[in-house]
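Visitor: Structure file query.csv (CSV, C-alpha atoms) is given on the next line.
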```
chain,number,residue,atom,x,y,z
M,626,MET,CA,0.0,0.0,0.0
M,627,ARG,CA,2.9,2.3,0.8
M,628,ILE,CA,4.3,1.9,-2.7
M,629,LEU,CA,0.9,2.7,-4.3
M,630,ILE,CA,0.6,5.9,-2.2
M,631,GLN,CA,4.2,6.9,-3.1
M,632,THR,CA,3.5,6.3,-6.8
M,633,LEU,CA,0.3,8.3,-6.6
M,634,ALA,CA,2.2,11.1,-4.9
M,635,VAL,CA,4.8,11.2,-7.7
M,636,ILE,CA,2.0,11.4,-10.3
M,637,LEU,CA,0.2,14.2,-8.4
M,638,LEU,CA,3.5,16.1,-8.1
M,639,SER,CA,4.1,15.7,-11.8
M,640,VAL,CA,0.6,17.1,-12.5
M,641,LEU,CA,1.1,20.0,-10.1
M,642,LEU,CA,4.5,20.9,-11.6
M,643,THR,CA,2.9,20.8,-15.1
M,644,LEU,CA,0.2,23.2,-14.0
M,645,TRP,CA,2.6,25.5,-12.1
M,646,ASN,CA,4.8,26.4,-15.1
M,647,PRO,CA,3.0,26.2,-18.5
M,648,GLU,CA,6.1,27.2,-20.5
M,649,PRO,CA,8.3,24.1,-21.1
M,650,LEU,CA,12.0,24.2,-20.6
M,651,LEU,CA,13.7,21.6,-22.6
M,652,ALA,CA,16.8,19.8,-21.3
M,653,GLU,CA,20.1,20.4,-23.0
M,654,GLY,CA,21.9,17.3,-24.0
M,655,SER,CA,18.8,15.1,-24.4
M,656,PRO,CA,17.8,15.7,-28.0
M,657,ASN,CA,16.3,12.2,-28.5
M,658,CYS,CA,14.0,12.6,-25.4
M,659,ASP,CA,12.6,15.8,-26.7
M,660,ASP,CA,10.0,14.0,-28.8
M,661,LEU,CA,8.6,10.9,-27.2
M,662,THR,CA,5.9,10.2,-29.8
M,663,GLY,CA,6.1,6.9,-31.7
M,664,ALA,CA,6.4,3.2,-30.8
M,665,TRP,CA,8.4,1.9,-27.9
M,666,ILE,CA,9.1,-1.7,-27.0
M,667,THR,CA,9.0,-3.1,-23.5
M,668,ASN,CA,11.5,-5.7,-22.2
M,669,ILE,CA,8.8,-8.4,-22.8
M,670,GLY,CA,8.0,-7.4,-26.3
M,671,ALA,CA,4.8,-5.3,-25.9
M,672,THR,CA,4.4,-2.1,-27.9
M,673,VAL,CA,3.7,1.3,-26.3
M,674,ASN,CA,2.5,3.9,-28.7
M,675,PHE,CA,2.7,7.5,-27.7
M,676,ASP,CA,0.4,9.1,-30.3
M,677,SER,CA,0.6,12.7,-28.9
M,678,VAL,CA,2.4,14.7,-26.2
M,679,ALA,CA,0.8,18.1,-25.6
M,680,ALA,CA,3.4,20.9,-25.6
M,681,GLY,CA,1.9,23.0,-22.8
M,682,THR,CA,0.6,20.4,-20.4
M,683,GLY,CA,2.7,17.3,-21.2
M,684,LEU,CA,-0.5,15.2,-21.6
M,685,VAL,CA,0.3,11.9,-23.3
M,686,VAL,CA,-2.2,9.9,-25.2
M,687,GLY,CA,-1.6,6.6,-26.9
M,688,SER,CA,-2.2,2.9,-26.8
M,689,TYR,CA,-0.6,-0.4,-25.6
M,690,GLN,CA,-0.4,-3.7,-27.4
M,691,ALA,CA,0.4,-6.8,-25.4
M,692,ALA,CA,2.7,-9.2,-27.2
M,693,SER,CA,0.0,-11.9,-26.6
M,694,LEU,CA,-2.8,-9.7,-28.1
M,695,PRO,CA,-1.2,-7.8,-30.9
M,696,GLU,CA,-4.6,-7.0,-32.6
M,697,ARG,CA,-5.9,-5.3,-29.4
M,698,HIS,CA,-5.0,-1.7,-28.6
M,699,PHE,CA,-5.6,-0.7,-24.9
M,700,PRO,CA,-5.9,3.0,-24.1
M,701,LEU,CA,-3.0,4.8,-22.5
M,702,THR,CA,-2.8,8.3,-20.9
M,703,GLY,CA,-0.3,10.1,-18.8
M,704,PHE,CA,2.1,13.0,-18.5
M,705,VAL,CA,5.6,14.0,-19.5
M,706,ASN,CA,7.3,16.8,-17.5
M,707,ARG,CA,10.4,18.5,-19.0
M,708,ARG,CA,10.7,21.3,-16.5
M,709,PHE,CA,13.8,21.7,-14.5
M,710,GLU,CA,15.5,24.5,-12.6
M,711,GLU,CA,18.6,26.1,-13.9
M,712,GLY,CA,21.6,25.4,-11.7
M,713,SER,CA,20.0,22.4,-10.1
M,714,GLU,CA,22.3,20.0,-8.3
M,715,GLY,CA,23.2,16.7,-9.9
M,716,ASP,CA,25.1,15.4,-12.9
M,717,HIS,CA,22.2,13.7,-14.8
M,718,TYR,CA,18.9,14.9,-16.2
M,719,GLY,CA,16.1,12.7,-17.3
M,720,VAL,CA,12.7,13.7,-18.7
M,721,ALA,CA,10.1,12.7,-16.1
M,722,LEU,CA,7.1,10.7,-17.4
M,723,SER,CA,4.2,8.6,-16.0
M,724,PHE,CA,1.5,6.8,-17.9
M,725,THR,CA,-1.2,4.3,-17.2
M,726,VAL,CA,-2.9,1.7,-19.4
M,727,SER,CA,-6.4,0.5,-18.8
M,728,PHE,CA,-6.9,-3.2,-19.6
M,729,GLU,CA,-10.6,-2.3,-19.9
M,730,GLU,CA,-12.6,-5.6,-20.1
M,731,TYR,CA,-10.0,-7.4,-18.0
M,732,GLY,CA,-10.3,-4.9,-15.1
M,733,GLY,CA,-6.6,-4.3,-14.6
M,734,LEU,CA,-4.5,-1.1,-14.7
M,735,THR,CA,-0.7,-0.8,-15.1
M,736,ASN,CA,1.3,2.4,-14.4
M,737,TRP,CA,4.8,3.1,-15.6
M,738,SER,CA,6.7,6.0,-13.9
M,739,GLY,CA,10.3,6.9,-14.6
M,740,ILE,CA,12.6,8.9,-16.9
M,741,CYS,CA,13.6,9.1,-20.5
M,742,ARG,CA,17.4,9.0,-20.7
M,743,GLU,CA,20.0,8.7,-23.3
M,744,SER,CA,22.3,5.6,-23.6
M,745,GLU,CA,24.8,4.3,-26.1
M,746,ALA,CA,21.9,2.4,-27.7
M,747,GLY,CA,19.7,5.5,-28.0
M,748,SER,CA,16.7,6.8,-26.0
M,749,GLU,CA,15.3,4.6,-23.4
M,750,LEU,CA,12.5,4.8,-20.8
M,751,ALA,CA,13.6,3.4,-17.4
M,752,THR,CA,10.5,2.9,-15.3
M,753,ALA,CA,9.1,1.4,-12.1
M,754,ASP,CA,5.7,-0.2,-12.7
M,755,LEU,CA,2.6,-1.0,-10.7
M,756,ILE,CA,0.4,-3.7,-12.1
M,757,VAL,CA,-3.0,-3.6,-10.4
M,758,ARG,CA,-5.1,-6.8,-10.8
M,759,PRO,CA,-8.8,-7.0,-9.8
M,760,TRP,CA,-8.4,-10.8,-9.1
M,761,ALA,CA,-5.6,-12.2,-7.1
M,762,GLU,CA,-4.6,-15.3,-5.0
M,763,ALA,CA,-4.7,-13.2,-1.8
M,764,ALA,CA,-5.6,-9.7,-0.7
M,765,TRP,CA,-1.9,-8.6,-0.7
M,766,ALA,CA,-1.3,-9.8,-4.3
M,767,HIS,CA,-3.5,-7.3,-6.1
M,768,VAL,CA,-0.6,-4.8,-6.7
M,769,VAL,CA,2.6,-6.2,-8.3
M,770,VAL,CA,5.7,-4.0,-8.5
M,771,SER,CA,8.0,-4.4,-11.4
M,772,HIS,CA,10.6,-2.5,-13.5
M,773,ASP,CA,10.8,-2.0,-17.3
M,774,LEU,CA,13.2,-0.6,-19.9
M,775,LEU,CA,11.5,0.6,-23.0
M,776,THR,CA,13.4,1.3,-26.2
M,777,ARG,CA,12.3,3.0,-29.4
M,778,LYS,CA,11.1,0.8,-32.2
M,779,ASP,CA,12.3,2.2,-35.5
M,780,SER,CA,10.6,1.8,-38.9
M,781,ALA,CA,12.8,-1.1,-39.8
M,782,GLY,CA,11.5,-3.1,-36.8
M,783,VAL,CA,14.8,-3.0,-34.9
M,784,LYS,CA,14.9,-2.5,-31.1
M,785,SER,CA,18.2,-1.3,-29.8
M,786,GLY,CA,20.2,-3.4,-32.3
M,787,LEU,CA,18.1,-6.5,-31.6
M,788,GLU,CA,16.1,-7.9,-34.5
M,789,VAL,CA,12.3,-8.1,-33.9
M,790,PRO,CA,11.0,-11.2,-35.6
M,791,SER,CA,8.9,-10.4,-38.7
M,792,ASP,CA,8.9,-13.8,-40.4
M,793,ALA,CA,5.6,-14.2,-42.2
M,794,SER,CA,5.7,-18.0,-41.8
M,795,SER,CA,5.7,-17.7,-38.0
M,796,PRO,CA,2.5,-19.1,-36.4
M,797,GLU,CA,-0.4,-16.8,-35.6
M,798,PRO,CA,-0.5,-15.6,-32.0
M,799,GLU,CA,-3.1,-17.3,-29.9
M,800,VAL,CA,-6.0,-15.1,-29.0
M,801,SER,CA,-7.2,-15.6,-25.5
M,802,SER,CA,-10.2,-14.3,-23.6
M,803,GLU,CA,-8.1,-14.2,-20.5
M,804,PRO,CA,-6.4,-11.0,-19.4
M,805,PRO,CA,-2.7,-10.7,-20.2
M,806,GLY,CA,-0.6,-12.2,-17.4
M,807,ASP,CA,2.0,-10.3,-15.4
M,808,ASP,CA,4.7,-11.5,-17.6
M,809,GLU,CA,2.9,-10.3,-20.7
M,810,ARG,CA,2.5,-6.6,-19.6
```
Go ahead and render the structure in this file as structure tokens.
Guide:
Amino acid sequence: MRILIQTLAVILLSVLLTLWNPEPLLAEGSPNCDDLTGAWITNIGATVNFDSVAAGTGLVVGSYQAASLPERHFPLTGFVNRRFEEGSEGDHYGVALSFTVSFEEYGGLTNWSGICRESEAGSELATADLIVRPWAEAAWAHVVVSHDLLTRKDSAGVKSGLEVPSDASSPEPEVSSEPPGDDER
């Protein structure tokens, strides 16, 4: 419960900072994190699509495709916050972001909160995740904490130098009426 409250506090702080200063200040030295729109791949092969990021508010709108349900697009919404104070302490800057996916008919929600940062492989989103499940084995098991590293998917289907299978002869994915499991989000 403490982790859920802390995550909600981070999201609330992000919203308040967005409303406090409507003029964005873009970070120097993070050119690839300036525009987060496009497709990102999670470490388990799901696709996160950021369709738009509002310049003034940082509102993010998009969709999520689980690797196990590629034909299904779940709604995504969140915020990006690029504000920073000149002369702030620290040697590293990362663009703050937080977004949530509603797994609608399955009843679950997943939230990713973290930063966009630059690495040798390019832009990446390093996040802590909260997976909220309506049904669980026990009362304490409804919220699962995880971590994720999302990388950009370019038009050639390459993710950070790793080939994404695109073989037309590969079997069709199974379509299940069950919600995606924890390992599929």
Visitor: Could you work out how far atom CA of Gly681 of chain M lies from atom CA of Arg777 of chain M, giving the answer in Å with one decimal?
Guide: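 Answer for the atom CA of Arg777 of chain M to atom CA of Gly681 of chain M separation: 23.5 Å.
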Visitor: Counting only C-alpha atoms, which residue out of M:Ala746, M:Val769, M:Leu755, M:Leu722 sits closest to Asn657 of chain M?
Guide: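 With only C-alpha atoms as the atom set, the closest residue is M:Ala746.
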Visitor: Please compute the atom CA of Asn706 of chain M-atom CA of Asn674 of chain M distance, one decimal, in Å.
Guide: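 Taking atom CA of Asn706 of chain M as the start and atom CA of Asn674 of chain M as the end point, the length is 17.7 Å.
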Visitor: Just checking: using all atoms listed in the file, which residue out of M:Val720, M:Val768, M:Leu750, M:Val726 ends up closest to Trp665 of chain M?
Guide: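 Among M:Val720, M:Val768, M:Leu750, M:Val726, it is M:Leu750 that comes nearest to Trp665 of chain M.
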Visitor: Near Thr725 of chain M, counting all atoms listed in the file, which residues have an atom at most 9 Å away, once you skip same-chain residues fewer than 2 positions from it, shown as a list in words?
Guide: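 Result of the neighbour search: Pro700, Leu701, Thr702, Gly703, Ser723, Ser727, Leu734, Thr735, Asn736, Trp737 and Ser738 of chain M.
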Visitor: Grab the residues selected above and save them as a compact mmCIF listing (two decimals), keeping the file's coordinate frame with C-alpha atoms.
Guide:
```txt
# COMPACT_ATOMS: atom_id res chain seq x y z
CA PRO M 700 -5.90 3.00 -24.10
CA LEU M 701 -3.00 4.80 -22.50
CA THR M 702 -2.80 8.30 -20.90
CA GLY M 703 -0.30 10.10 -18.80
CA SER M 723 4.20 8.60 -16.00
CA SER M 727 -6.40 0.50 -18.80
CA LEU M 734 -4.50 -1.10 -14.70
CA THR M 735 -0.70 -0.80 -15.10
CA ASN M 736 1.30 2.40 -14.40
CA TRP M 737 4.80 3.10 -15.60
CA SER M 738 6.70 6.00 -13.90
```
Visitor: Atom CA of Val678 of chain M and atom CA of Ala751 of chain M, how far apart in Å?
Guide: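 That distance, rounded to one decimal, is 18.2 Å.
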Visitor: Could you name the residues that touch Val770 of chain M at 9 Å or less, counting all atoms listed in the file, but leaving out those on the same chain fewer than 2 positions away, as JSON, numbers by chain?
Guide: {"M": [628, 753, 754, 755, 756, 757, 768, 772]}
